[in-house]
Structures are given as structure tokens and as C-alpha cells.
>>> print(open('my_file_31.txt').read())   # compact mmCIF, C-alpha atoms
# COMPACT_ATOMS: atom_id res chain seq x y z
CA MET A 275 -10.00 24.68 45.57
CA ILE A 276 -7.68 21.73 45.95
CA ILE A 277 -10.72 19.43 46.18
CA PHE A 278 -11.92 20.76 42.83
CA ALA A 279 -8.50 20.18 41.30
CA ILE A 280 -8.52 16.59 42.56
CA ILE A 281 -12.03 15.88 41.24
CA ILE A 282 -11.29 17.41 37.83
CA GLY A 283 -7.98 15.53 37.71
CA CYS A 284 -9.70 12.24 38.55
CA ALA A 285 -12.42 12.73 35.92
CA LEU A 286 -9.98 13.77 33.20
CA GLY A 287 -7.57 11.01 34.11
CA ALA A 288 -10.30 8.38 33.95
CA LEU A 289 -11.40 9.69 30.55
CA ILE A 290 -7.88 9.76 29.15
CA GLY A 291 -7.03 6.37 30.62
CA MET A 292 -10.12 4.82 29.05
CA ASN A 293 -9.24 6.11 25.59
CA VAL A 294 -5.49 5.61 25.60
CA PRO A 295 -4.27 2.41 23.88
CA THR A 296 -3.22 -0.40 26.19
CA ILE A 297 0.41 -1.01 26.92
CA SER A 298 2.25 -4.30 26.56
CA TYR A 299 1.61 -6.82 29.32
CA THR A 300 5.36 -7.08 29.93
CA TYR A 301 5.49 -3.45 31.06
CA SER A 302 2.25 -3.49 33.00
CA GLY A 303 4.13 -4.97 35.99
CA TYR A 304 6.38 -1.90 36.12
CA LEU A 305 3.36 0.36 35.82
CA ALA A 306 1.62 -1.44 38.69
CA ILE A 307 4.64 -0.87 40.94
CA ALA A 308 4.70 2.80 39.97
CA ILE A 309 1.00 3.10 40.82
CA VAL A 310 1.55 1.54 44.23
CA ALA A 311 4.47 3.89 44.89
CA ALA A 312 2.44 6.93 43.85
CA LEU A 313 -0.50 5.89 46.02
CA ASP A 314 1.87 5.47 48.94
CA SER A 315 3.10 9.01 48.36
CA VAL A 316 -0.46 10.30 48.25
CA PHE A 317 -1.39 8.68 51.56
CA GLY A 318 1.91 9.86 53.03
CA GLY A 319 1.03 13.37 51.90
CA ILE A 320 -2.41 13.24 53.48
CA THR A 321 -0.88 12.01 56.73
CA SER A 322 1.66 14.82 56.77
CA VAL A 323 -1.10 17.36 56.11
CA LEU A 324 -2.99 16.01 59.11
CA LYS A 325 0.15 16.07 61.19
CA GLY A 326 0.89 19.61 60.04
CA ASN A 327 4.38 18.98 58.69
CA PHE A 328 3.35 18.86 54.99
CA ASP A 329 6.08 19.97 52.62
CA PHE A 330 5.01 20.29 49.02
CA LYS A 331 8.52 19.73 47.65
CA VAL A 332 8.92 16.54 49.67
CA PHE A 333 5.50 15.40 48.49
CA ILE A 334 6.07 16.01 44.79
CA THR A 335 9.58 14.54 44.77
CA GLY A 336 8.29 11.53 46.74
CA PHE A 337 5.42 11.08 44.30
CA PHE A 338 7.51 10.98 41.16
CA GLY A 339 10.77 9.80 42.71
CA ASN A 340 9.27 6.75 44.39
CA ALA A 341 7.42 5.78 41.23
CA ILE A 342 10.51 6.05 39.03
CA LEU A 343 12.75 4.43 41.61
CA SER A 344 10.40 1.48 42.07
CA ILE A 345 10.26 0.98 38.30
CA LEU A 346 14.06 1.05 38.14
CA LEU A 347 14.36 -1.39 41.04
CA THR A 348 11.89 -3.77 39.45
CA TRP A 349 13.78 -3.58 36.19
CA LEU A 350 17.03 -4.26 38.05
CA GLY A 351 15.38 -7.21 39.78
CA VAL A 352 14.36 -8.65 36.42
CA LYS A 353 17.93 -8.24 35.21
CA LEU A 354 19.36 -9.82 38.38
CA ASN A 355 16.73 -12.55 38.38
CA ILE A 356 15.44 -11.55 41.83
CA ASP A 357 11.93 -10.39 42.64
CA ILE A 358 12.75 -6.92 43.98
CA TYR A 359 9.23 -5.76 43.14
CA LEU A 360 8.03 -7.90 46.05
CA ALA A 361 10.15 -5.80 48.45
CA ALA A 362 8.81 -2.61 46.89
CA ILE A 363 5.23 -3.83 47.28
CA VAL A 364 5.81 -4.86 50.89
CA VAL A 365 7.36 -1.50 51.77
CA PHE A 366 4.86 0.67 49.93
CA VAL A 367 1.75 -1.22 50.92
CA GLY A 368 2.99 -1.51 54.51
CA ARG A 369 3.52 2.24 54.63
CA MET A 370 0.10 2.76 53.06
CA PHE A 371 -1.50 0.75 55.86
CA THR A 372 0.46 2.69 58.48
CA ASN A 373 -0.57 6.00 56.97
CA LEU A 374 -4.19 4.88 56.67
CA ALA A 375 -4.09 3.87 60.32
CA ILE A 376 -2.76 7.30 61.26
CA ILE A 377 -5.49 9.01 59.22
CA ARG A 378 -8.13 6.80 60.80
CA ARG A 379 -6.89 7.53 64.35
CA TYR A 380 -6.76 11.26 63.61
CA TYR A 381 -10.38 11.37 62.49
CA ILE A 382 -11.54 9.09 65.33
CA GLU A 383 -9.81 11.34 67.83
CA LYS A 384 -11.31 14.39 66.22
CA TRP A 385 -14.78 12.85 66.35
CA THR A 386 -14.34 11.73 69.96
CA LYS A 387 -13.19 15.20 70.96
CA LYS A 388 -16.19 16.71 69.26
CA VAL A 389 -18.54 14.37 71.08
CA GLU A 390 -16.84 15.11 74.40
CA LYS A 391 -17.01 18.85 73.74
CA GLU A 392 -20.71 18.62 73.08
CA GLU A 393 -21.21 16.64 76.26
CA THR A 394 -19.29 19.17 78.34
CA LYS A 395 -21.24 21.94 76.63
CA ASN A 396 -24.50 20.23 77.52
CA GLU A 397 -23.36 19.77 81.09
CA ASN A 398 -22.42 23.46 81.32
CA GLU A 399 -25.81 24.39 79.93
CA LYS A 400 -27.52 22.17 82.56
CA LYS A 401 -25.45 23.85 85.25
CA THR A 402 -26.46 27.29 84.07
CA VAL A 403 -30.09 26.22 83.93
CA GLY A 404 -29.77 24.56 87.31
CA MET B 475 -5.78 33.18 46.92
CA LYS B 476 -2.03 33.26 47.11
CA LYS B 477 0.25 32.57 44.17
CA GLY B 478 1.80 29.56 45.95
CA GLU B 479 -1.59 28.02 46.58
CA ILE B 480 -2.51 28.20 42.88
CA THR B 481 0.73 26.45 41.94
CA ILE B 482 0.09 23.74 44.51
CA THR B 483 -3.47 23.26 43.32
CA ILE B 484 -2.45 22.95 39.68
CA THR B 485 0.41 20.62 40.52
CA ILE B 486 -1.81 18.37 42.61
CA GLY B 487 -4.39 18.37 39.82
CA ILE B 488 -1.79 17.30 37.32
CA MET B 489 -0.48 14.62 39.69
CA VAL B 490 -3.96 13.23 40.25
CA LEU B 491 -4.54 13.33 36.51
CA ILE B 492 -1.39 11.34 35.85
CA LEU B 493 -2.14 8.88 38.62
CA THR B 494 -5.70 8.16 37.54
CA THR B 495 -4.67 7.96 33.90
CA VAL B 496 -2.02 5.41 34.69
CA ILE B 497 -4.38 3.45 36.93
CA PHE B 498 -7.05 3.28 34.24
CA VAL B 499 -4.53 2.33 31.60
CA GLN B 500 -3.43 -0.48 33.87
CA PHE B 501 -7.04 -1.58 34.48
CA LYS B 502 -7.67 -1.60 30.77
CA THR B 503 -4.46 -3.48 30.02
CA ILE B 504 -5.21 -6.17 32.56
CA LYS B 505 -8.78 -6.47 31.35
CA HIS B 506 -7.90 -6.73 27.68
CA THR B 507 -4.89 -8.95 27.99
CA ASN B 508 -5.34 -12.57 27.13
CA ILE B 509 -3.05 -14.30 29.62
CA THR B 510 -3.02 -17.52 27.64
CA LEU B 511 -1.22 -15.81 24.75
CA ILE B 512 2.47 -16.59 24.87
CA GLU B 513 3.47 -12.94 24.47
CA ASN B 514 1.67 -12.08 27.70
CA MET B 515 2.87 -14.93 29.89
CA ARG B 516 5.08 -14.46 32.88
CA GLU B 517 8.52 -15.96 32.96
CA ASP B 518 7.65 -18.90 35.23
CA GLU B 519 4.58 -19.74 33.18
CA LEU B 520 6.75 -19.66 30.08
CA LYS B 521 9.27 -21.92 31.80
CA ALA B 522 6.55 -24.42 32.65
CA GLU B 523 5.25 -24.24 29.09
CA ILE B 524 8.75 -24.78 27.72
CA SER B 525 9.41 -27.82 29.89
CA ASN B 526 6.02 -29.15 28.86
CA PHE B 527 6.86 -28.67 25.22
CA LYS B 528 10.28 -30.23 25.72
CA GLN B 529 8.66 -33.33 27.14
CA LYS B 530 6.19 -33.43 24.31
CA THR B 531 8.96 -32.96 21.77
CA ALA B 532 10.93 -35.82 23.30
CA GLU B 533 7.87 -38.06 23.11
CA VAL B 534 7.18 -37.09 19.54
CA GLN B 535 10.80 -37.64 18.63
CA ASN B 536 10.68 -41.10 20.14
CA GLN B 537 7.58 -41.82 18.13
CA MET B 538 9.25 -40.48 15.02
CA GLN B 539 12.26 -42.70 15.55
CA GLU B 540 10.05 -45.73 15.92
CA THR B 541 8.14 -44.79 12.81
CA ASN B 542 11.35 -44.21 10.90
CA LEU B 543 12.57 -47.64 11.89
CA LYS B 544 9.34 -49.14 10.66
CA ILE B 545 9.61 -47.19 7.43
CA LYS B 546 13.15 -48.46 6.96
CA GLU B 547 11.99 -52.02 7.50
CA TYR B 548 9.22 -51.53 5.01
CA GLU B 549 11.63 -50.00 2.53
CA ILE B 550 13.97 -52.93 2.89
CA SER B 551 11.16 -55.38 2.39
CA ILE B 552 9.88 -53.36 -0.55
CA THR B 553 13.26 -53.29 -2.26
CA THR B 554 13.76 -56.98 -1.68
CA GLY B 555 10.23 -57.56 -2.89
CA LYS B 556 10.95 -55.42 -5.91
CA GLU B 557 14.12 -57.28 -6.69
CA ALA B 558 12.38 -60.57 -6.24
CA SER B 559 9.49 -59.51 -8.42
CA GLU B 560 11.85 -58.18 -11.06
CA LEU B 561 13.76 -61.42 -11.04
CA LEU B 562 10.53 -63.31 -11.24
CA LYS B 563 9.37 -61.15 -14.10
CA LYS B 564 12.59 -61.74 -15.98
CA GLU B 565 12.35 -65.44 -15.36
CA LEU B 566 8.74 -65.47 -16.45
CA GLU B 567 9.66 -63.62 -19.64
CA GLN B 568 12.36 -66.13 -20.39
CA GLN B 569 10.10 -69.05 -19.68
CA ASN B 570 7.42 -67.54 -21.89
CA ASN B 571 9.96 -67.08 -24.66
CA ILE B 572 10.96 -70.70 -24.32
CA LEU B 573 7.37 -71.84 -24.22
CA GLY B 574 6.51 -69.71 -27.20
CA LYS B 575 4.01 -67.48 -25.46
CA ASN B 576 5.81 -64.33 -26.57
CA THR B 577 6.43 -62.89 -29.97
CA VAL B 578 10.18 -63.07 -30.50
CA LYS B 579 12.59 -61.77 -33.08
CA GLY B 580 16.17 -62.36 -34.04
CA THR B 581 18.47 -63.53 -36.76
CA GLY B 582 17.63 -66.73 -38.58
CA ILE B 583 16.49 -68.30 -41.81
CA ILE B 584 13.27 -68.70 -43.72
CA VAL B 585 12.69 -71.88 -45.67
CA THR B 586 9.86 -71.74 -48.15
CA LEU B 587 8.43 -74.97 -49.52
CA THR B 588 5.92 -74.71 -52.30
CA ASP B 589 3.66 -77.37 -53.82
CA THR B 590 4.34 -78.02 -57.46
CA ARG B 591 2.29 -80.03 -59.89
CA ALA B 592 4.67 -82.90 -59.72
CA GLN B 593 5.41 -82.94 -56.02
CA LYS B 594 3.28 -81.93 -53.10
CA ILE B 595 4.86 -81.05 -49.81
CA THR B 596 3.87 -83.57 -47.14
CA SER B 597 3.81 -83.26 -43.41
CA LYS B 598 6.75 -85.59 -43.31
CA ASP B 599 8.85 -83.05 -45.21
CA LEU B 600 7.94 -80.42 -42.67
CA ARG B 601 8.64 -82.71 -39.72
CA GLU B 602 12.04 -83.54 -41.13
CA LEU B 603 12.73 -79.87 -41.61
CA LEU B 604 11.67 -79.09 -38.06
CA ASN B 605 13.85 -81.85 -36.70
CA GLN B 606 16.83 -80.67 -38.71
CA LEU B 607 16.30 -77.08 -37.54
CA LYS B 608 16.09 -78.22 -33.92
CA VAL B 609 19.28 -80.22 -34.34
CA ASP B 610 20.99 -77.10 -35.62
CA GLY B 611 19.91 -75.08 -32.61
CA ALA B 612 16.82 -73.21 -33.70
CA GLU B 613 15.32 -71.39 -30.74
CA ALA B 614 11.96 -70.50 -32.20
CA ILE B 615 10.24 -71.96 -35.21
CA SER B 616 6.98 -71.26 -36.93
CA ILE B 617 5.25 -72.69 -39.96
CA ASN B 618 2.97 -70.26 -41.77
CA GLY B 619 2.67 -68.22 -38.57
CA GLN B 620 1.96 -71.27 -36.39
CA ARG B 621 4.46 -71.28 -33.62
CA ILE B 622 6.07 -74.62 -32.95
CA VAL B 623 5.92 -75.28 -29.21
CA TYR B 624 6.65 -78.35 -27.11
CA ASP B 625 3.34 -80.04 -27.92
CA SER B 626 3.05 -78.89 -31.50
CA TYR B 627 2.37 -81.45 -34.13
CA VAL B 628 2.48 -81.48 -37.88
CA VAL B 629 0.19 -84.06 -39.44
CA ASP B 630 -1.56 -84.78 -42.69
CA LEU B 631 -5.29 -84.55 -42.33
CA GLY B 632 -7.05 -86.88 -44.76
CA GLY B 633 -4.18 -86.62 -47.21
CA THR B 634 -5.50 -83.30 -48.48
CA TYR B 635 -3.96 -80.70 -46.23
CA ILE B 636 -1.50 -80.34 -43.42
CA SER B 637 -2.48 -79.38 -39.90
CA VAL B 638 -0.12 -77.64 -37.51
CA ASN B 639 -1.32 -77.23 -33.94
CA GLY B 640 -4.76 -78.15 -35.21
CA GLU B 641 -4.75 -75.31 -37.74
CA ARG B 642 -5.03 -76.04 -41.40
CA ILE B 643 -2.18 -74.65 -43.47
CA VAL B 644 -1.65 -74.57 -47.21
CA SER B 645 1.17 -74.11 -49.64
CA PRO B 646 3.48 -72.22 -49.74
CA TYR B 647 4.82 -73.37 -46.43
CA GLU B 648 7.00 -70.73 -44.92
CA VAL B 649 9.11 -72.10 -42.10
CA LYS B 650 10.79 -69.42 -40.00
CA ALA B 651 13.55 -70.33 -37.59
CA ILE B 652 15.46 -68.08 -35.19
CA GLY B 653 18.93 -69.21 -34.26
CA ASN B 654 22.48 -68.92 -35.45
CA PRO B 655 21.83 -68.49 -39.20
CA THR B 656 25.15 -69.97 -40.23
CA TYR B 657 24.54 -73.17 -38.28
CA LEU B 658 20.98 -73.40 -39.50
CA GLU B 659 21.93 -72.80 -43.08
CA SER B 660 24.85 -75.18 -43.11
CA GLY B 661 22.81 -77.84 -41.29
CA LEU B 662 20.22 -77.78 -44.02
CA SER B 663 22.51 -77.48 -47.00
CA LYS B 664 24.91 -80.33 -46.39
CA LYS B 665 26.11 -81.82 -49.65
CA GLN B 666 24.50 -84.96 -51.00
CA TYR B 667 22.50 -86.14 -48.01
CA GLY B 668 21.53 -82.72 -46.62
CA TYR B 669 17.87 -81.82 -46.32
CA ILE B 670 17.71 -79.32 -49.14
CA ASP B 671 19.71 -81.48 -51.53
CA THR B 672 17.57 -84.51 -50.73
CA LYS B 673 14.32 -82.60 -51.28
CA LEU B 674 15.58 -80.95 -54.41
CA GLU B 675 16.51 -84.39 -55.70
CA GLU B 676 12.96 -85.51 -54.97
CA GLY B 677 11.88 -82.61 -57.18
CA LYS B 678 10.40 -80.40 -54.49
CA ASP B 679 10.46 -76.64 -54.59
CA ILE B 680 12.47 -75.35 -51.66
CA ILE B 681 13.99 -71.95 -51.10
CA LEU B 682 16.26 -70.96 -48.24
CA GLU B 683 16.71 -67.36 -47.20
CA ARG B 684 18.97 -65.92 -44.58
CA LYS B 685 17.51 -62.96 -42.65
CA ASP B 686 18.97 -60.54 -40.13
CA GLU B 687 15.68 -60.06 -38.44
CA ILE B 688 12.86 -62.52 -38.29
CA LEU B 689 9.69 -61.99 -36.31
CA ILE B 690 8.03 -65.10 -34.98
CA ASN B 691 4.55 -64.74 -33.52
CA ALA B 692 3.46 -66.04 -30.19
CA TYR B 693 1.65 -69.31 -29.79
CA THR B 694 -2.08 -68.60 -29.84
CA GLY B 695 -3.51 -71.76 -28.28
CA ASP B 696 -3.45 -72.69 -24.59
CA LEU B 697 -0.70 -74.54 -22.92
CA ASN B 698 -2.75 -75.83 -20.03
CA MET B 699 -2.12 -79.23 -18.63
CA GLU B 700 -4.95 -81.28 -17.27
CA TYR B 701 -3.36 -84.53 -16.15
CA ALA B 702 0.28 -83.76 -15.53
CA PHE B 703 1.22 -82.05 -12.32
>>> encode(input="my_file_31.txt", output="C-alpha cells")
Amino acid sequence: MIIFAIIIGCALGALIGMNVPTISYTYSGYLAIAIVAALDSVFGGITSVLKGNFDFKVFITGFFGNAILSILLTWLGVKLNIDIYLAAIVVFVGRMFTNLAIIRRYYIEKWTKKVEKEETKNENEKKTVG
Amino acid sequence: MKKGEITITITIGIMVLILTTVIFVQFKTIKHTNITLIENMREDELKAEISNFKQKTAEVQNQMQETNLKIKEYEISITTGKEASELLKKELEQQNNILGKNTVKGTGIIVTLTDTRAQKITSKDLRELLNQLKVDGAEAISINGQRIVYDSYVVDLGGTYISVNGERIVSPYEVKAIGNPTYLESGLSKKQYGYIDTKLEEGKDIILERKDEILINAYTGDLNMEYAF
């Protein structure tokens, strides 16, 4: 069910995004930071689902909160003449890599376990035959 | 399916929708933006552009200053040239007036000598008249339209007619003279031995008129010199 929601959301989003007028280049930097923040939240969410401590409220507040906060920080950085968006990118992208690593390890472990299980099963079968 | 699960599904759908929409908008923006346009440049690029333009402006200003200096020089030379040419023109005009190359006008007198049956006017009469007029300060003289210039001559040709500047003239001889009319008049009409009295005594027809404005034509021949330098 959730998979369907994601697919439909992706398709609709792509369609809408293609047909919506472009925004000013000045603001596209803010939008890019927001996208990175949202993607970080998504990967964080997936990780927490795999770990089993997924909280929907934390996820949704992180998704929107991080995006808005990163935009505000970038804006502040522009006002202060300091590239705060670099810090935001480092943090979010670093966390994305961490989360991706966790997801990768989880699935590798799962696969390894499966393989081992099958091997033990085979061995048991041999024993019973033997 | 539980109620909570439906909410979560819809929320996640909406979130994904927003995220993909924003991502595609960003893709489109980046793709369609012409980075070379000044409105789309980043701050540091703009700074570089500005410093570039400043340098260029300074160079152009230097060039402009140089050009302005040159223009000033030219203007100065033009004005001096103008003044010089105006002066020259004035001088030329004056010289032409003196030489008789220009038509001139002014106050003066007209002396008309007419042949009668008894007495014909001779070139000598005219020469005497010219001399007297010159003595009295005539600035321009003409006889029957022939301007008297520095090399003019008045001679009898074959005793039948008078030639002025090589042109044949006939009676009545109208001698125009520009100058101070009072001087001219009084110079000619001295009692007893004055020109008019003398000629009238000889029985010649001579009339003197005083005019406020006399027009004397320009000399029509050439004034070229071949041997004198």
C-alpha cells in the first residue's frame, strides 16, 4: 500500500514538476538545500524503519522541519555573508551516506543470514538422508 | 487496514509528491537557466564581472581623456585658424577694395563732362580731373564705368576717341569719385584757377553733382604682373 502511494506520488510529482513554471535562479539554491534536507529525512526514515524505531511524527517533522530550517539557515548565511549552506550540505549529505551505509549493511546481513540458513538446511537434509 | 495506516500512506504519498515536484522544478530551473545572464549569476561571478567592468571603464575613461585633450587641441587650432582666416579675409577684402577688384559704394561726387560743338573733351581734361580728385582724397574713381586702378591710363586714341584701360569711351564722360564730398567739391571748385572754373573758361561743358551714395563698379580687367615680383 505504501509502495503504491510512493509510486503514484513520484509519477504525479514528476508530471507536476515538469509543467510548473521555473523559479528564479536566485531561489534555486534555497530549493536545492531543501531537497537535500528532505532526502536526508527520507533516508533517515528508511533506516529507522529497518531498525524498528520508526516514529511517523519524528519522520514528518524532520522532513518538513529540516527543509525549512535549512532554507532559513541558508538565507541567514546570505545575510551574514557566510556560506552556511555548505555546513548544511556537509551535515545532510554525510548523514545520507551514513544512513545508506546502514541500509546496505542491513540488507547484506539479511542476505548472508538467508544464505547461511539455506546451507544449514541443506546440511540438515543431508544428515536426514544420511 | 487500520485507520492509522491509511493516514500514514496518504501522508507519505503527499510528501513524496512534494519532494519529486520540487526536485523536478529544480531540474527544470537549472536546465533552462542561462548562467551567462547577469540576473542568474552568483555573487562571486558578479563581483568578478564588476571588477572587470571597472577596469574596462577606467581604460575607456583614460582613452576618453586623451581624446578630449586632442579635441581641445584641435578646437584651439581651429579657432586660431578661424581667426587667422577671418583676419586674412578682412585684409583681402580691404586690399581688393584698394586695388579696385570690388564694387564699392559711398558718398562722393559725380562730374559730368560733355562734348559740345565748340569744345571736345580731351584725355588731358580727364587726366587733370583724375589728378585733382586724387589730390583731394578720392578713394575710388571711375570714368564711364571704367574703374581707375593703379595701372589705369587715359589716352587719346588717334585723336578721335578716348581710351580708358584700353576701353573706348565716348561723351558724356561721367567721372564718379568716392571720398569726402566736401573736400572733393571744394578741391574742384576753387575760384579762378580751380579745375571747374578753368574748364568753364575754356568753354567746356562740366557739371558737378554731390551724391550721398555712389556705386563704383569693380575693375574688370586682370591685375596680373608678369615681370615684377
>>> interface_residues(input="my_file_31.txt", of="chain B", to="chain A", cutoff="9 Å", atoms="all atoms listed in the file", output="PyMOL selection string")
chain B and resi 479-480+482-504+506-507+509+513-516
>>> atom_distance(input="my_file_31.txt", atom1="CA of Gly695 (chain B)", atom2="CA of Asn618 (chain B)")
15.0 Å
>>> atom_distance(input="my_file_31.txt", atom1="CA of Ile583 (chain B)", atom2="CA of Gly677 (chain B)")
21.5 Å
>>> atom_distance(input="my_file_31.txt", atom1="CA of Ile688 (chain B)", atom2="CA of Val629 (chain B)")
25.0 Å
>>> residues_near_point(input="my_file_31.txt", point="(18.0, -71.3, -40.8)", cutoff="9 Å", atoms="all atoms listed in the file", output="PyMOL selection string")
chain B and resi 581-585+607+610+612+650-662+682-685
>>> residues_around(input="my_file_31.txt", residues="region 665-669 of chain B", least_positions_apart="6", cutoff="10 Å", atoms="all atoms listed in the file", output="count of residues only")
6
>>> residues_around(input="my_file_31.txt", residues="Phe371 (chain A)", least_positions_apart="6", cutoff="12 Å", atoms="all atoms listed in the file", output="list in words")
Leu313, Asp314, Phe317, Gly318, Thr321, Ile363, Val364, Val365, Ile377 and Arg378 of chain A
>>> axis_aligned_box(input="my_file_31.txt", around="region 376-386 of chain A", padding_each_side="3 Å", output="AutoDock Vina command-line options")
--center_x -8.8 --center_y 10.6 --center_z 64.6 --size_x 18.0 --size_y 13.6 --size_z 16.7
>>> residues_around(input="my_file_31.txt", residues="Arg642 (chain B)", least_positions_apart="3", cutoff="10 Å", atoms="all atoms listed in the file", output="compact mmCIF listing (two decimals) with C-alpha atoms, in the frame of the given file")
# COMPACT_ATOMS: atom_id res chain seq x y z
CA ASN B 618 2.97 -70.26 -41.77
CA GLN B 620 1.96 -71.27 -36.39
CA VAL B 628 2.48 -81.48 -37.88
CA VAL B 629 0.19 -84.06 -39.44
CA ASP B 630 -1.56 -84.78 -42.69
CA LEU B 631 -5.29 -84.55 -42.33
CA TYR B 635 -3.96 -80.70 -46.23
CA ILE B 636 -1.50 -80.34 -43.42
CA SER B 637 -2.48 -79.38 -39.90
CA VAL B 638 -0.12 -77.64 -37.51
CA ASN B 639 -1.32 -77.23 -33.94
>>> residues_around(input="my_file_31.txt", residues="Gly336 (chain A)", least_positions_apart="4", cutoff="7 Å", atoms="only C-alpha atoms", output="count of residues only")
3
